[in-house]
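K.L.:
Shown below is the structure under consideration.
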Amino acid sequence: MTAAVPDGGSIRVVLADDQTLVRSAFAMLVESAPDMTVVGQAGTGAEAVGLAHSARADVVVMDLRMPGTDGIEATRLIAASEDLAGVKVLVLTTYDTDENVLEALRAGASGFLVKDTRPAELLDAIRTVAAGDALLSPGPTASLIARVLRAPRPAAGNGPGALTALSSREREVLTLVARGLNNTEIADALALSPLTAKTHVSRIMGKSGVRDRAQLVILAYESGLVVPGG
């Protein structure tokens, strides 16, 4: 799938990792894709935020662990900037059990991958988040949230009261989003048109004040609407 990007051209990618060899390897891979262009490489989170601005990035592939401003704070800064509203962050981590991944999703990342993922999967992941979709594996995500919620520290506004503005249908849709279904699958499950399913998802985002589908998943779990393993 080729993502639609704002200027109709290549997906503009910034790579952020404090290891030069890792960045170079990722750069070669991304440049090998006909629909992507590397527009910057950063060794720190601060550099990644700066390049997201100056290079007009569509996607920042962000390592979590970097000196100074780490990947979580850099993700938070990108998500909080009105000038970077269209920039998506794809987090890379060494382990999919890293609780920092959950913090990155809370901060505004659109998804995560482990660093030893296959090359084709990384390219597909960049296309997915560039297109505005969340890249979440419901199993690892639920496992992360379950472990963190053993000592609950929900993000602001993500308690049960965060759902009060949602209709019963919107709660159904949110539950399916958290289970990993896309708009077409949600439409099939609820006997809706894909456009109606997409409209419901957009309204839920608006009512709950979240940035994207990744944060909808966090909302569903942390509010108790969806229970890990349930």
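Following the order of the structure tokens, first chain is A, next is B, and so on, with residues numbered from 1 inside each chain and ligands from 1 in the order they appear.
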Quick one: residues within 10 Å of Ala48 of chain A, only C-alpha atoms, excluding same-chain residues fewer than 5 positions away - as a list of chain:residue names?
P.N.:
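Residues meeting the cut-off are A:Val14, A:Leu15, A:Ala16, A:Asp17, A:Gly40, A:Gln41, A:Ala42, A:Gly43, A:His53, A:Ser54, A:Ala55, A:Ala57, A:Val60, A:Val61, A:Met62, A:Thr69, A:Asp70, A:Gly71, A:Ala74, A:Thr75, A:Ile78.
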K.L.:
Need to verify the contact set: Gly132 of chain A, 9 Å, only C-alpha atoms, exclusion of same-chain residues closer than 4 positions in sequence. Can you return it as a list in words?
P.N.:
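Listing them by chain and then by number gives Ala3, Gly86, Lys88, Ser110, Arg127, Thr128, Asp212 and Arg213 of chain A.
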K.L.:
Between atom CA of Leu92 of chain A and atom CA of Leu64 of chain A, measure the distance and give it in Å to one decimal.
P.N.:
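These two atoms are separated by 6.5 Å.
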K.L.:
Run DSSP on the backbone and give me the residues of chain A it puts in strand (DSSP E or B), as a VMD selection string.
P.N.:
chain A and resid 11 to 16 36 to 42 59 to 63 88 to 93 111 to 114 135
K.L.:
Give me the residues within 10 Å of Pro34 of chain A as a list of chain:residue names, counting only C-alpha atoms and dropping any in the same chain fewer than 3 places off.
P.N.:
A:Thr2, A:Ser10, A:Ile11, A:Val30, A:Glu31, A:Thr37
K.L.:
Quick one: write out the picked residues with N, CA and C atoms as an mmCIF file, in the first residue's frame?
P.N.:
```cif
data_model
loop_
_atom_site.group_PDB
_atom_site.id
_atom_site.type_symbol
_atom_site.label_atom_id
_atom_site.label_comp_id
_atom_site.auth_asym_id
_atom_site.auth_seq_id
_atom_site.Cartn_x
_atom_site.Cartn_y
_atom_site.Cartn_z
ATOM 1 N N THR A 2 0.595 2.195 -0.812
ATOM 2 C CA THR A 2 1.342 3.447 -0.847
ATOM 3 C C THR A 2 0.533 4.522 -0.166
ATOM 4 N N SER A 10 6.715 11.458 -2.429
ATOM 5 C CA SER A 10 7.248 10.423 -1.558
ATOM 6 C C SER A 10 6.939 10.721 -0.092
ATOM 7 N N ILE A 11 6.909 9.640 0.699
ATOM 8 C CA ILE A 11 6.778 9.793 2.147
ATOM 9 C C ILE A 11 8.119 10.298 2.662
ATOM 10 N N VAL A 30 15.186 2.479 3.676
ATOM 11 C CA VAL A 30 14.100 3.396 3.319
ATOM 12 C C VAL A 30 14.298 3.941 1.913
ATOM 13 N N GLU A 31 15.535 4.299 1.577
ATOM 14 C CA GLU A 31 15.807 4.852 0.250
ATOM 15 C C GLU A 31 15.591 3.823 -0.859
ATOM 16 N N THR A 37 11.478 8.795 0.945
ATOM 17 C CA THR A 37 12.712 9.558 0.872
ATOM 18 C C THR A 37 13.175 9.887 2.281
#
```
K.L.:
Select, from A:Ala107, A:Val91, A:Ala125, A:Ile72, the residue with the minimum atom-to-atom distance to Val210 of chain A, counting only C-alpha atoms.
P.N.:
A:Ala107
K.L.:
Could you tell me which of A:Met28, A:Val217, A:Met36, A:Leu113 comes closest to Gly9 of chain A if we count only C-alpha atoms?
P.N.:
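With only C-alpha atoms as the atom set, the closest residue is A:Met36.
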K.L.:
Please return, as a VMD selection string, all residues of segment 26-121 of chain A that DSSP assigns to helix (DSSP H, G or I) on the basis of the backbone.
P.N.:
chain A and resid 26 to 31 45 to 54 71 to 80 82 to 84 99 to 107 119 to 121
K.L.:
Restricting the output to C-alpha atoms, write the selected residues as a JSON list (two decimals), in the first residue's frame.
P.N.:
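Once everything was written out, this is result20.json:
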```
[["chain", "number", "residue", "atom", "x", "y", "z"],
["A", 26, "PHE", "CA", 17.76, 2.14, 8.04],
["A", 27, "ALA", "CA", 18.50, 4.95, 5.60],
["A", 28, "MET", "CA", 19.62, 2.50, 2.91],
["A", 29, "LEU", "CA", 16.49, 0.43, 3.46],
["A", 30, "VAL", "CA", 14.10, 3.40, 3.32],
["A", 31, "GLU", "CA", 15.81, 4.85, 0.25],
["A", 45, "GLY", "CA", 15.61, 13.57, 20.28],
["A", 46, "ALA", "CA", 16.16, 17.33, 20.08],
["A", 47, "GLU", "CA", 17.64, 16.94, 16.61],
["A", 48, "ALA", "CA", 14.67, 14.80, 15.59],
["A", 49, "VAL", "CA", 12.20, 17.50, 16.65],
["A", 50, "GLY", "CA", 14.19, 20.13, 14.78],
["A", 51, "LEU", "CA", 14.33, 18.03, 11.62],
["A", 52, "ALA", "CA", 10.61, 17.27, 11.83],
["A", 53, "HIS", "CA", 10.13, 21.03, 11.47],
["A", 54, "SER", "CA", 12.85, 21.94, 8.99],
["A", 71, "GLY", "CA", 12.52, 9.42, 22.17],
["A", 72, "ILE", "CA", 9.56, 9.75, 24.53],
["A", 73, "GLU", "CA", 10.09, 13.45, 25.18],
["A", 74, "ALA", "CA", 10.81, 14.09, 21.50],
["A", 75, "THR", "CA", 7.55, 12.34, 20.61],
["A", 76, "ARG", "CA", 5.70, 14.47, 23.17],
["A", 77, "LEU", "CA", 7.17, 17.67, 21.71],
["A", 78, "ILE", "CA", 6.19, 16.69, 18.17],
["A", 79, "ALA", "CA", 2.65, 15.74, 19.20],
["A", 80, "ALA", "CA", 2.20, 19.00, 21.12],
["A", 82, "GLU", "CA", 0.50, 22.65, 16.08],
["A", 83, "ASP", "CA", 3.04, 23.13, 13.28],
["A", 84, "LEU", "CA", 3.71, 19.38, 13.30],
["A", 99, "GLU", "CA", 7.17, -0.17, 29.39],
["A", 100, "ASN", "CA", 8.66, 2.94, 27.76],
["A", 101, "VAL", "CA", 6.73, 1.94, 24.64],
["A", 102, "LEU", "CA", 3.48, 2.62, 26.48],
["A", 103, "GLU", "CA", 4.79, 6.01, 27.57],
["A", 104, "ALA", "CA", 5.65, 6.79, 23.95],
["A", 105, "LEU", "CA", 2.13, 5.84, 22.85],
["A", 106, "ARG", "CA", 0.72, 8.06, 25.58],
["A", 107, "ALA", "CA", 3.00, 10.84, 24.35],
["A", 119, "PRO", "CA", 12.94, -4.95, 6.50],
["A", 120, "ALA", "CA", 9.66, -5.26, 4.59],
["A", 121, "GLU", "CA", 7.70, -4.91, 7.83]]
```
K.L.:
Which distance in Å separates atom CA of Ala214 of chain A and atom CA of Ala134 of chain A, to one decimal?
P.N.:
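Between atom CA of Ala214 of chain A and atom CA of Ala134 of chain A the gap works out to 5.2 Å.
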K.L.:
Kindly indicate which residue among A:Arg56, A:Lys207, A:Arg179, A:Lys198 lies nearest to Leu166 of chain A, using only C-alpha atoms for the distances.
P.N.:
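That would be A:Lys207, the residue with the smallest distance to Leu166 of chain A.
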K.L.:
Given only C-alpha atoms as the basis, pick out the residue of A:Thr94, A:Asn182, A:Thr117, A:Thr164 nearest to Ile204 of chain A.
P.N.:
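Nearest to Ile204 of chain A: A:Thr164.
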K.L.:
Between atom CA of Leu123 of chain A and atom CA of Asp58 of chain A, measure the distance and give it in Å to one decimal.
P.N.:
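Spanning atom CA of Leu123 of chain A to atom CA of Asp58 of chain A is a straight-line distance of 13.6 Å.
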K.L.:
Got a sec: who's within 8 Å of segment 18-20 of chain A, counting only C-alpha atoms, leaving out chain neighbours fewer than 5 positions off, as a short mmCIF file (atom, residue, chain, number, x, y, z; two decimals) with N, CA and C atoms, in the first residue's frame?
P.N.:
```
data_model
loop_
_atom_site.label_atom_id
_atom_site.label_comp_id
_atom_site.auth_asym_id
_atom_site.auth_seq_id
_atom_site.Cartn_x
_atom_site.Cartn_y
_atom_site.Cartn_z
N ALA A 42 18.89 12.01 12.67
CA ALA A 42 19.15 12.67 13.95
C ALA A 42 19.77 11.69 14.93
N GLY A 43 20.69 12.19 15.75
CA GLY A 43 21.32 11.37 16.76
C GLY A 43 20.77 11.59 18.15
N THR A 44 19.89 12.62 18.30
CA THR A 44 19.25 12.91 19.58
C THR A 44 17.79 13.25 19.33
N ASP A 63 13.99 6.18 17.78
CA ASP A 63 14.52 5.29 18.80
C ASP A 63 14.10 5.83 20.16
N ARG A 65 15.65 5.24 23.15
CA ARG A 65 16.75 5.54 24.07
C ARG A 65 17.84 6.32 23.35
N MET A 66 17.86 7.64 23.62
CA MET A 66 18.88 8.52 23.06
C MET A 66 19.34 9.48 24.15
N PRO A 67 20.56 9.99 24.04
CA PRO A 67 21.06 10.91 25.08
C PRO A 67 20.32 12.24 25.04
#
```
K.L.:
Choose the residue, out of A:Val39, A:Val87, A:Ala25, A:Leu174, that has the smallest atom-to-atom separation from Gln215 of chain A; count only C-alpha atoms.
P.N.:
A:Leu174
